[in-house]
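K.L.:
One file: target37.pdb (PDB, N, CA, C and O atoms, pLDDT in the B column).
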ATOM      1  N   MET A   1      24.316   2.353 -12.628  1.00 52.00           N
ATOM      2  CA  MET A   1      23.502   1.138 -12.661  1.00 52.00           C
ATOM      3  C   MET A   1      22.025   1.509 -12.800  1.00 52.00           C
ATOM      4  O   MET A   1      21.499   2.312 -12.027  1.00 52.00           O
ATOM      5  N   ALA A   2      21.384   0.948 -13.773  1.00 61.00           N
ATOM      6  CA  ALA A   2      19.969   1.247 -13.998  1.00 61.00           C
ATOM      7  C   ALA A   2      19.103   0.388 -13.072  1.00 61.00           C
ATOM      8  O   ALA A   2      19.381  -0.782 -12.858  1.00 61.00           O
ATOM      9  N   VAL A   3      18.084   1.034 -12.533  1.00 65.00           N
ATOM     10  CA  VAL A   3      17.145   0.327 -11.663  1.00 65.00           C
ATOM     11  C   VAL A   3      15.890   0.041 -12.471  1.00 65.00           C
ATOM     12  O   VAL A   3      15.285   0.954 -13.020  1.00 65.00           O
ATOM     13  N   GLY A   4      15.521  -1.227 -12.548  1.00 67.00           N
ATOM     14  CA  GLY A   4      14.367  -1.613 -13.348  1.00 67.00           C
ATOM     15  C   GLY A   4      13.056  -1.365 -12.632  1.00 67.00           C
ATOM     16  O   GLY A   4      13.014  -1.162 -11.413  1.00 67.00           O
ATOM     17  N   PRO A   5      11.960  -1.381 -13.368  1.00 67.00           N
ATOM     18  CA  PRO A   5      10.640  -1.158 -12.758  1.00 67.00           C
ATOM     19  C   PRO A   5      10.241  -2.286 -11.805  1.00 67.00           C
ATOM     20  O   PRO A   5       9.381  -2.100 -10.953  1.00 67.00           O
ATOM     21  N   GLY A   6      10.898  -3.439 -11.915  1.00 71.00           N
ATOM     22  CA  GLY A   6      10.590  -4.540 -11.010  1.00 71.00           C
ATOM     23  C   GLY A   6      10.979  -4.247  -9.579  1.00 71.00           C
ATOM     24  O   GLY A   6      10.473  -4.886  -8.659  1.00 71.00           O
ATOM     25  N   ILE A   7      11.880  -3.288  -9.379  1.00 76.00           N
ATOM     26  CA  ILE A   7      12.272  -2.890  -8.023  1.00 76.00           C
ATOM     27  C   ILE A   7      11.546  -1.617  -7.604  1.00 76.00           C
ATOM     28  O   ILE A   7      11.117  -1.480  -6.467  1.00 76.00           O
ATOM     29  N   VAL A   8      11.405  -0.683  -8.547  1.00 79.00           N
ATOM     30  CA  VAL A   8      10.837   0.624  -8.227  1.00 79.00           C
ATOM     31  C   VAL A   8       9.355   0.523  -7.871  1.00 79.00           C
ATOM     32  O   VAL A   8       8.902   1.118  -6.885  1.00 79.00           O
ATOM     33  N   ILE A   9       8.580  -0.235  -8.630  1.00 78.00           N
ATOM     34  CA  ILE A   9       7.127  -0.306  -8.412  1.00 78.00           C
ATOM     35  C   ILE A   9       6.777  -0.893  -7.042  1.00 78.00           C
ATOM     36  O   ILE A   9       5.945  -0.328  -6.332  1.00 78.00           O
ATOM     37  N   PRO A  10       7.394  -2.003  -6.602  1.00 81.00           N
ATOM     38  CA  PRO A  10       7.089  -2.477  -5.245  1.00 81.00           C
ATOM     39  C   PRO A  10       7.482  -1.483  -4.153  1.00 81.00           C
ATOM     40  O   PRO A  10       6.774  -1.355  -3.157  1.00 81.00           O
ATOM     41  N   LEU A  11       8.582  -0.761  -4.341  1.00 82.00           N
ATOM     42  CA  LEU A  11       8.978   0.240  -3.348  1.00 82.00           C
ATOM     43  C   LEU A  11       7.944   1.362  -3.269  1.00 82.00           C
ATOM     44  O   LEU A  11       7.565   1.798  -2.178  1.00 82.00           O
ATOM     45  N   ILE A  12       7.481   1.820  -4.425  1.00 83.00           N
ATOM     46  CA  ILE A  12       6.431   2.850  -4.446  1.00 83.00           C
ATOM     47  C   ILE A  12       5.159   2.307  -3.801  1.00 83.00           C
ATOM     48  O   ILE A  12       4.485   3.011  -3.045  1.00 83.00           O
ATOM     49  N   ALA A  13       4.825   1.047  -4.080  1.00 83.00           N
ATOM     50  CA  ALA A  13       3.628   0.439  -3.505  1.00 83.00           C
ATOM     51  C   ALA A  13       3.738   0.351  -1.986  1.00 83.00           C
ATOM     52  O   ALA A  13       2.769   0.605  -1.270  1.00 83.00           O
ATOM     53  N   ILE A  14       4.920   0.000  -1.469  1.00 85.00           N
ATOM     54  CA  ILE A  14       5.110  -0.073  -0.014  1.00 85.00           C
ATOM     55  C   ILE A  14       4.932   1.301   0.612  1.00 85.00           C
ATOM     56  O   ILE A  14       4.231   1.453   1.629  1.00 85.00           O
ATOM     57  N   VAL A  15       5.550   2.327   0.011  1.00 87.00           N
ATOM     58  CA  VAL A  15       5.450   3.687   0.560  1.00 87.00           C
ATOM     59  C   VAL A  15       4.005   4.164   0.538  1.00 87.00           C
ATOM     60  O   VAL A  15       3.494   4.706   1.531  1.00 87.00           O
ATOM     61  N   LEU A  16       3.309   3.963  -0.584  1.00 86.00           N
ATOM     62  CA  LEU A  16       1.902   4.381  -0.669  1.00 86.00           C
ATOM     63  C   LEU A  16       1.040   3.635   0.343  1.00 86.00           C
ATOM     64  O   LEU A  16       0.133   4.211   0.952  1.00 86.00           O
ATOM     65  N   GLY A  17       1.308   2.348   0.523  1.00 84.00           N
ATOM     66  CA  GLY A  17       0.541   1.566   1.488  1.00 84.00           C
ATOM     67  C   GLY A  17       0.733   2.066   2.905  1.00 84.00           C
ATOM     68  O   GLY A  17      -0.228   2.202   3.667  1.00 84.00           O
ATOM     69  N   ILE A  18       1.982   2.361   3.278  1.00 85.00           N
ATOM     70  CA  ILE A  18       2.243   2.852   4.630  1.00 85.00           C
ATOM     71  C   ILE A  18       1.598   4.218   4.845  1.00 85.00           C
ATOM     72  O   ILE A  18       0.971   4.468   5.884  1.00 85.00           O
ATOM     73  N   ILE A  19       1.713   5.099   3.846  1.00 87.00           N
ATOM     74  CA  ILE A  19       1.097   6.428   3.962  1.00 87.00           C
ATOM     75  C   ILE A  19      -0.416   6.306   4.108  1.00 87.00           C
ATOM     76  O   ILE A  19      -1.036   6.958   4.952  1.00 87.00           O
ATOM     77  N   ALA A  20      -1.035   5.442   3.290  1.00 86.00           N
ATOM     78  CA  ALA A  20      -2.490   5.258   3.368  1.00 86.00           C
ATOM     79  C   ALA A  20      -2.892   4.708   4.728  1.00 86.00           C
ATOM     80  O   ALA A  20      -3.876   5.164   5.339  1.00 86.00           O
ATOM     81  N   GLY A  21      -2.146   3.719   5.234  1.00 85.00           N
ATOM     82  CA  GLY A  21      -2.462   3.147   6.539  1.00 85.00           C
ATOM     83  C   GLY A  21      -2.380   4.181   7.649  1.00 85.00           C
ATOM     84  O   GLY A  21      -3.260   4.268   8.510  1.00 85.00           O
ATOM     85  N   VAL A  22      -1.326   5.000   7.626  1.00 85.00           N
ATOM     86  CA  VAL A  22      -1.150   6.021   8.663  1.00 85.00           C
ATOM     87  C   VAL A  22      -2.260   7.064   8.585  1.00 85.00           C
ATOM     88  O   VAL A  22      -2.860   7.441   9.600  1.00 85.00           O
ATOM     89  N   LEU A  23      -2.566   7.534   7.364  1.00 85.00           N
ATOM     90  CA  LEU A  23      -3.582   8.579   7.223  1.00 85.00           C
ATOM     91  C   LEU A  23      -4.965   8.078   7.627  1.00 85.00           C
ATOM     92  O   LEU A  23      -5.719   8.779   8.312  1.00 85.00           O
ATOM     93  N   ILE A  24      -5.318   6.863   7.204  1.00 84.00           N
ATOM     94  CA  ILE A  24      -6.646   6.334   7.530  1.00 84.00           C
ATOM     95  C   ILE A  24      -6.772   6.091   9.030  1.00 84.00           C
ATOM     96  O   ILE A  24      -7.783   6.429   9.641  1.00 84.00           O
ATOM     97  N   MET A  25      -5.731   5.533   9.659  1.00 83.00           N
ATOM     98  CA  MET A  25      -5.832   5.249  11.086  1.00 83.00           C
ATOM     99  C   MET A  25      -5.760   6.524  11.920  1.00 83.00           C
ATOM    100  O   MET A  25      -6.265   6.566  13.037  1.00 83.00           O
ATOM    101  N   ARG A  26      -5.147   7.571  11.396  1.00 84.00           N
ATOM    102  CA  ARG A  26      -5.148   8.845  12.117  1.00 84.00           C
ATOM    103  C   ARG A  26      -6.533   9.477  12.081  1.00 84.00           C
ATOM    104  O   ARG A  26      -6.982  10.080  13.049  1.00 84.00           O
ATOM    105  N   GLU A  27      -7.220   9.313  10.945  1.00 85.00           N
ATOM    106  CA  GLU A  27      -8.548   9.909  10.788  1.00 85.00           C
ATOM    107  C   GLU A  27      -9.633   9.076  11.475  1.00 85.00           C
ATOM    108  O   GLU A  27     -10.585   9.611  12.023  1.00 85.00           O
ATOM    109  N   TYR A  28      -9.498   7.760  11.430  1.00 82.00           N
ATOM    110  CA  TYR A  28     -10.511   6.860  11.986  1.00 82.00           C
ATOM    111  C   TYR A  28      -9.867   5.842  12.926  1.00 82.00           C
ATOM    112  O   TYR A  28      -9.747   4.671  12.578  1.00 82.00           O
ATOM    113  N   PRO A  29      -9.444   6.265  14.102  1.00 80.00           N
ATOM    114  CA  PRO A  29      -8.829   5.300  15.032  1.00 80.00           C
ATOM    115  C   PRO A  29      -9.852   4.302  15.554  1.00 80.00           C
ATOM    116  O   PRO A  29     -11.051   4.603  15.656  1.00 80.00           O
ATOM    117  N   LEU A  30      -9.379   3.104  15.879  1.00 80.00           N
ATOM    118  CA  LEU A  30     -10.276   2.067  16.392  1.00 80.00           C
ATOM    119  C   LEU A  30     -10.576   2.257  17.871  1.00 80.00           C
ATOM    120  O   LEU A  30     -11.542   1.719  18.380  1.00 80.00           O
ATOM    121  N   ASN A  31      -9.711   3.008  18.572  1.00 79.00           N
ATOM    122  CA  ASN A  31      -9.839   3.213  20.018  1.00 79.00           C
ATOM    123  C   ASN A  31      -9.870   1.893  20.779  1.00 79.00           C
ATOM    124  O   ASN A  31     -10.578   1.743  21.765  1.00 79.00           O
ATOM    125  N   GLN A  32      -9.115   0.923  20.292  1.00 83.00           N
ATOM    126  CA  GLN A  32      -9.014  -0.372  20.971  1.00 83.00           C
ATOM    127  C   GLN A  32      -7.599  -0.595  21.495  1.00 83.00           C
ATOM    128  O   GLN A  32      -7.217  -1.715  21.778  1.00 83.00           O
ATOM    129  N   GLY A  33      -6.829   0.461  21.572  1.00 82.00           N
ATOM    130  CA  GLY A  33      -5.451   0.319  22.021  1.00 82.00           C
ATOM    131  C   GLY A  33      -4.479   0.514  20.876  1.00 82.00           C
ATOM    132  O   GLY A  33      -4.847   0.451  19.695  1.00 82.00           O
ATOM    133  N   ARG A  34      -3.244   0.757  21.240  1.00 81.00           N
ATOM    134  CA  ARG A  34      -2.220   1.062  20.243  1.00 81.00           C
ATOM    135  C   ARG A  34      -1.972  -0.114  19.296  1.00 81.00           C
ATOM    136  O   ARG A  34      -1.823   0.064  18.096  1.00 81.00           O
ATOM    137  N   PHE A  35      -1.942  -1.332  19.833  1.00 87.00           N
ATOM    138  CA  PHE A  35      -1.630  -2.490  18.999  1.00 87.00           C
ATOM    139  C   PHE A  35      -2.700  -2.708  17.929  1.00 87.00           C
ATOM    140  O   PHE A  35      -2.385  -3.046  16.786  1.00 87.00           O
ATOM    141  N   ALA A  36      -3.960  -2.519  18.287  1.00 85.00           N
ATOM    142  CA  ALA A  36      -5.043  -2.708  17.313  1.00 85.00           C
ATOM    143  C   ALA A  36      -4.947  -1.680  16.194  1.00 85.00           C
ATOM    144  O   ALA A  36      -5.171  -2.006  15.021  1.00 85.00           O
ATOM    145  N   ASP A  37      -4.597  -0.443  16.545  1.00 84.00           N
ATOM    146  CA  ASP A  37      -4.457   0.583  15.520  1.00 84.00           C
ATOM    147  C   ASP A  37      -3.285   0.267  14.596  1.00 84.00           C
ATOM    148  O   ASP A  37      -3.375   0.431  13.380  1.00 84.00           O
ATOM    149  N   VAL A  38      -2.178  -0.192  15.160  1.00 85.00           N
ATOM    150  CA  VAL A  38      -1.019  -0.545  14.344  1.00 85.00           C
ATOM    151  C   VAL A  38      -1.345  -1.733  13.433  1.00 85.00           C
ATOM    152  O   VAL A  38      -0.990  -1.750  12.257  1.00 85.00           O
ATOM    153  N   ALA A  39      -2.057  -2.729  13.978  1.00 87.00           N
ATOM    154  CA  ALA A  39      -2.415  -3.903  13.180  1.00 87.00           C
ATOM    155  C   ALA A  39      -3.354  -3.520  12.037  1.00 87.00           C
ATOM    156  O   ALA A  39      -3.195  -3.998  10.908  1.00 87.00           O
ATOM    157  N   ALA A  40      -4.324  -2.662  12.319  1.00 88.00           N
ATOM    158  CA  ALA A  40      -5.243  -2.229  11.270  1.00 88.00           C
ATOM    159  C   ALA A  40      -4.510  -1.405  10.223  1.00 88.00           C
ATOM    160  O   ALA A  40      -4.761  -1.541   9.023  1.00 88.00           O
ATOM    161  N   GLY A  41      -3.589  -0.544  10.656  1.00 86.00           N
ATOM    162  CA  GLY A  41      -2.799   0.239   9.710  1.00 86.00           C
ATOM    163  C   GLY A  41      -1.944  -0.656   8.831  1.00 86.00           C
ATOM    164  O   GLY A  41      -1.817  -0.426   7.627  1.00 86.00           O
ATOM    165  N   ALA A  42      -1.368  -1.707   9.421  1.00 88.00           N
ATOM    166  CA  ALA A  42      -0.559  -2.652   8.640  1.00 88.00           C
ATOM    167  C   ALA A  42      -1.428  -3.404   7.640  1.00 88.00           C
ATOM    168  O   ALA A  42      -1.011  -3.645   6.493  1.00 88.00           O
ATOM    169  N   PHE A  43      -2.638  -3.776   8.051  1.00 90.00           N
ATOM    170  CA  PHE A  43      -3.554  -4.460   7.134  1.00 90.00           C
ATOM    171  C   PHE A  43      -3.904  -3.564   5.953  1.00 90.00           C
ATOM    172  O   PHE A  43      -3.894  -4.015   4.795  1.00 90.00           O
ATOM    173  N   ILE A  44      -4.191  -2.290   6.230  1.00 88.00           N
ATOM    174  CA  ILE A  44      -4.493  -1.345   5.153  1.00 88.00           C
ATOM    175  C   ILE A  44      -3.283  -1.206   4.231  1.00 88.00           C
ATOM    176  O   ILE A  44      -3.426  -1.164   3.002  1.00 88.00           O
ATOM    177  N   ALA A  45      -2.082  -1.148   4.824  1.00 88.00           N
ATOM    178  CA  ALA A  45      -0.866  -1.024   4.013  1.00 88.00           C
ATOM    179  C   ALA A  45      -0.692  -2.216   3.083  1.00 88.00           C
ATOM    180  O   ALA A  45      -0.340  -2.059   1.913  1.00 88.00           O
ATOM    181  N   VAL A  46      -0.975  -3.416   3.589  1.00 90.00           N
ATOM    182  CA  VAL A  46      -0.851  -4.625   2.764  1.00 90.00           C
ATOM    183  C   VAL A  46      -1.887  -4.621   1.639  1.00 90.00           C
ATOM    184  O   VAL A  46      -1.580  -4.986   0.495  1.00 90.00           O
ATOM    185  N   VAL A  47      -3.105  -4.174   1.949  1.00 90.00           N
ATOM    186  CA  VAL A  47      -4.157  -4.125   0.925  1.00 90.00           C
ATOM    187  C   VAL A  47      -3.783  -3.137  -0.180  1.00 90.00           C
ATOM    188  O   VAL A  47      -3.886  -3.451  -1.374  1.00 90.00           O
ATOM    189  N   VAL A  48      -3.326  -1.940   0.216  1.00 88.00           N
ATOM    190  CA  VAL A  48      -2.938  -0.941  -0.792  1.00 88.00           C
ATOM    191  C   VAL A  48      -1.749  -1.438  -1.594  1.00 88.00           C
ATOM    192  O   VAL A  48      -1.697  -1.269  -2.814  1.00 88.00           O
ATOM    193  N   PHE A  49      -0.789  -2.081  -0.921  1.00 88.00           N
ATOM    194  CA  PHE A  49       0.378  -2.654  -1.604  1.00 88.00           C
ATOM    195  C   PHE A  49      -0.073  -3.649  -2.674  1.00 88.00           C
ATOM    196  O   PHE A  49       0.379  -3.594  -3.817  1.00 88.00           O
ATOM    197  N   GLY A  50      -0.986  -4.543  -2.316  1.00 88.00           N
ATOM    198  CA  GLY A  50      -1.492  -5.528  -3.277  1.00 88.00           C
ATOM    199  C   GLY A  50      -2.234  -4.885  -4.430  1.00 88.00           C
ATOM    200  O   GLY A  50      -2.085  -5.301  -5.583  1.00 88.00           O
ATOM    201  N   MET A  51      -3.027  -3.853  -4.131  1.00 88.00           N
ATOM    202  CA  MET A  51      -3.779  -3.181  -5.187  1.00 88.00           C
ATOM    203  C   MET A  51      -2.837  -2.497  -6.178  1.00 88.00           C
ATOM    204  O   MET A  51      -3.043  -2.568  -7.396  1.00 88.00           O
ATOM    205  N   VAL A  52      -1.798  -1.838  -5.655  1.00 86.00           N
ATOM    206  CA  VAL A  52      -0.855  -1.160  -6.545  1.00 86.00           C
ATOM    207  C   VAL A  52      -0.096  -2.183  -7.389  1.00 86.00           C
ATOM    208  O   VAL A  52       0.121  -1.976  -8.586  1.00 86.00           O
ATOM    209  N   LEU A  53       0.298  -3.302  -6.773  1.00 86.00           N
ATOM    210  CA  LEU A  53       1.016  -4.329  -7.538  1.00 86.00           C
ATOM    211  C   LEU A  53       0.134  -4.932  -8.623  1.00 86.00           C
ATOM    212  O   LEU A  53       0.588  -5.148  -9.756  1.00 86.00           O
ATOM    213  N   LEU A  54      -1.126  -5.217  -8.291  1.00 87.00           N
ATOM    214  CA  LEU A  54      -2.030  -5.770  -9.306  1.00 87.00           C
ATOM    215  C   LEU A  54      -2.250  -4.783 -10.443  1.00 87.00           C
ATOM    216  O   LEU A  54      -2.266  -5.170 -11.618  1.00 87.00           O
ATOM    217  N   THR A  55      -2.429  -3.514 -10.102  1.00 87.00           N
ATOM    218  CA  THR A  55      -2.636  -2.497 -11.130  1.00 87.00           C
ATOM    219  C   THR A  55      -1.413  -2.374 -12.023  1.00 87.00           C
ATOM    220  O   THR A  55      -1.528  -2.306 -13.253  1.00 87.00           O
ATOM    221  N   SER A  56      -0.229  -2.360 -11.414  1.00 83.00           N
ATOM    222  CA  SER A  56       0.988  -2.230 -12.225  1.00 83.00           C
ATOM    223  C   SER A  56       1.202  -3.469 -13.098  1.00 83.00           C
ATOM    224  O   SER A  56       1.666  -3.354 -14.236  1.00 83.00           O
ATOM    225  N   ALA A  57       0.859  -4.647 -12.579  1.00 81.00           N
ATOM    226  CA  ALA A  57       0.985  -5.863 -13.384  1.00 81.00           C
ATOM    227  C   ALA A  57       0.013  -5.832 -14.562  1.00 81.00           C
ATOM    228  O   ALA A  57       0.364  -6.232 -15.684  1.00 81.00           O
ATOM    229  N   TYR A  58      -1.202  -5.342 -14.327  1.00 84.00           N
ATOM    230  CA  TYR A  58      -2.190  -5.252 -15.401  1.00 84.00           C
ATOM    231  C   TYR A  58      -1.732  -4.263 -16.469  1.00 84.00           C
ATOM    232  O   TYR A  58      -1.843  -4.529 -17.673  1.00 84.00           O
ATOM    233  N   ILE A  59      -1.189  -3.127 -16.032  1.00 82.00           N
ATOM    234  CA  ILE A  59      -0.674  -2.144 -16.987  1.00 82.00           C
ATOM    235  C   ILE A  59       0.474  -2.727 -17.774  1.00 82.00           C
ATOM    236  O   ILE A  59       0.590  -2.538 -18.989  1.00 82.00           O
ATOM    237  N   ALA A  60       1.356  -3.496 -17.106  1.00 80.00           N
ATOM    238  CA  ALA A  60       2.478  -4.115 -17.808  1.00 80.00           C
ATOM    239  C   ALA A  60       1.991  -5.114 -18.851  1.00 80.00           C
ATOM    240  O   ALA A  60       2.567  -5.199 -19.944  1.00 80.00           O
ATOM    241  N   LEU A  61       0.922  -5.849 -18.533  1.00 81.00           N
ATOM    242  CA  LEU A  61       0.363  -6.775 -19.512  1.00 81.00           C
ATOM    243  C   LEU A  61      -0.225  -6.041 -20.716  1.00 81.00           C
ATOM    244  O   LEU A  61      -0.087  -6.477 -21.855  1.00 81.00           O
ATOM    245  N   LEU A  62      -0.893  -4.913 -20.451  1.00 83.00           N
ATOM    246  CA  LEU A  62      -1.472  -4.140 -21.548  1.00 83.00           C
ATOM    247  C   LEU A  62      -0.388  -3.554 -22.438  1.00 83.00           C
ATOM    248  O   LEU A  62      -0.518  -3.525 -23.660  1.00 83.00           O
ATOM    249  N   VAL A  63       0.687  -3.068 -21.822  1.00 82.00           N
ATOM    250  CA  VAL A  63       1.772  -2.452 -22.597  1.00 82.00           C
ATOM    251  C   VAL A  63       2.522  -3.511 -23.409  1.00 82.00           C
ATOM    252  O   VAL A  63       2.974  -3.245 -24.523  1.00 82.00           O
ATOM    253  N   ALA A  64       2.600  -4.725 -22.873  1.00 77.00           N
ATOM    254  CA  ALA A  64       3.373  -5.773 -23.537  1.00 77.00           C
ATOM    255  C   ALA A  64       2.707  -6.274 -24.820  1.00 77.00           C
ATOM    256  O   ALA A  64       3.359  -6.859 -25.665  1.00 77.00           O
ATOM    257  N   LYS A  65       1.404  -6.030 -24.966  1.00 70.00           N
ATOM    258  CA  LYS A  65       0.708  -6.548 -26.150  1.00 70.00           C
ATOM    259  C   LYS A  65       1.109  -5.840 -27.417  1.00 70.00           C
ATOM    260  O   LYS A  65       1.385  -4.741 -27.539  1.00 70.00           O
TER     261      LYS A  65
END
What is this structure when it is put down as structure tokens?

P.N.:
Amino acid sequence: MAVGPGIVIPLIAIVLGIIAGVLIMREYPLNQGRFADVAAGAFIAVVVFGMVLLTSAYIALLVAK
């Protein structure tokens, strides 16, 4: 069964977002408690996820022309 890019790209975006959130919060902790660090890491993960999805959508539009 072939897996299309519509599934692969969001999975890659999720993994990259989680890795970015963990690395950034490890380097620059908020020191406001564990929950604040987890929340900030999740926010970073969502931002990176959105950026990767927007970039991949833009590339798909360029390729489709």

K.L.:
Distance atom N of A:Val38-atom N of A:Ile12, one decimal place?

P.N.:
21.9 Å

K.L.:
So, counting all atoms listed in the file, which residue among A:Pro10, A:Ala64, A:Met25, A:Ile19 is closest to A:Ala40?

P.N.:
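That would be A:Met25, the residue with the smallest distance to A:Ala40.
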
K.L.:
Counting only N, CA, C and O atoms, which of A:Ile18, A:Val8, A:Ala13, A:Asn31 gets nearest to A:Leu53?

P.N.:
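Going through A:Ile18, A:Val8, A:Ala13, A:Asn31 one by one, the smallest distance to A:Leu53 is for A:Ala13.
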
K.L.:
Looking at A:Tyr58, A:Glu27, A:Leu16, A:Lys65, which one is nearest to A:Val46, with distances taken over only C-alpha atoms?

P.N.:
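Nearest candidate to A:Val46 out of A:Tyr58, A:Glu27, A:Leu16, A:Lys65: A:Leu16.
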
K.L.:
Show me, as JSON, the centre and edge lengths in Å to one decimal of the axis-aligned box that covers every listed atom of stretch 25-43 of chain A with 6 Å on each side.

P.N.:
{"center_x": -6.1, "center_y": 2.8, "center_z": 13.4, "size_x": 23.0, "size_y": 26.5, "size_z": 29.2}

K.L.:
Run DSSP on the backbone of this structure and report the residues of chain A it assigns to helix (DSSP H, G or I), as an MDAnalysis selection string.

P.N.:
chainID A and resid 5:27 34:64
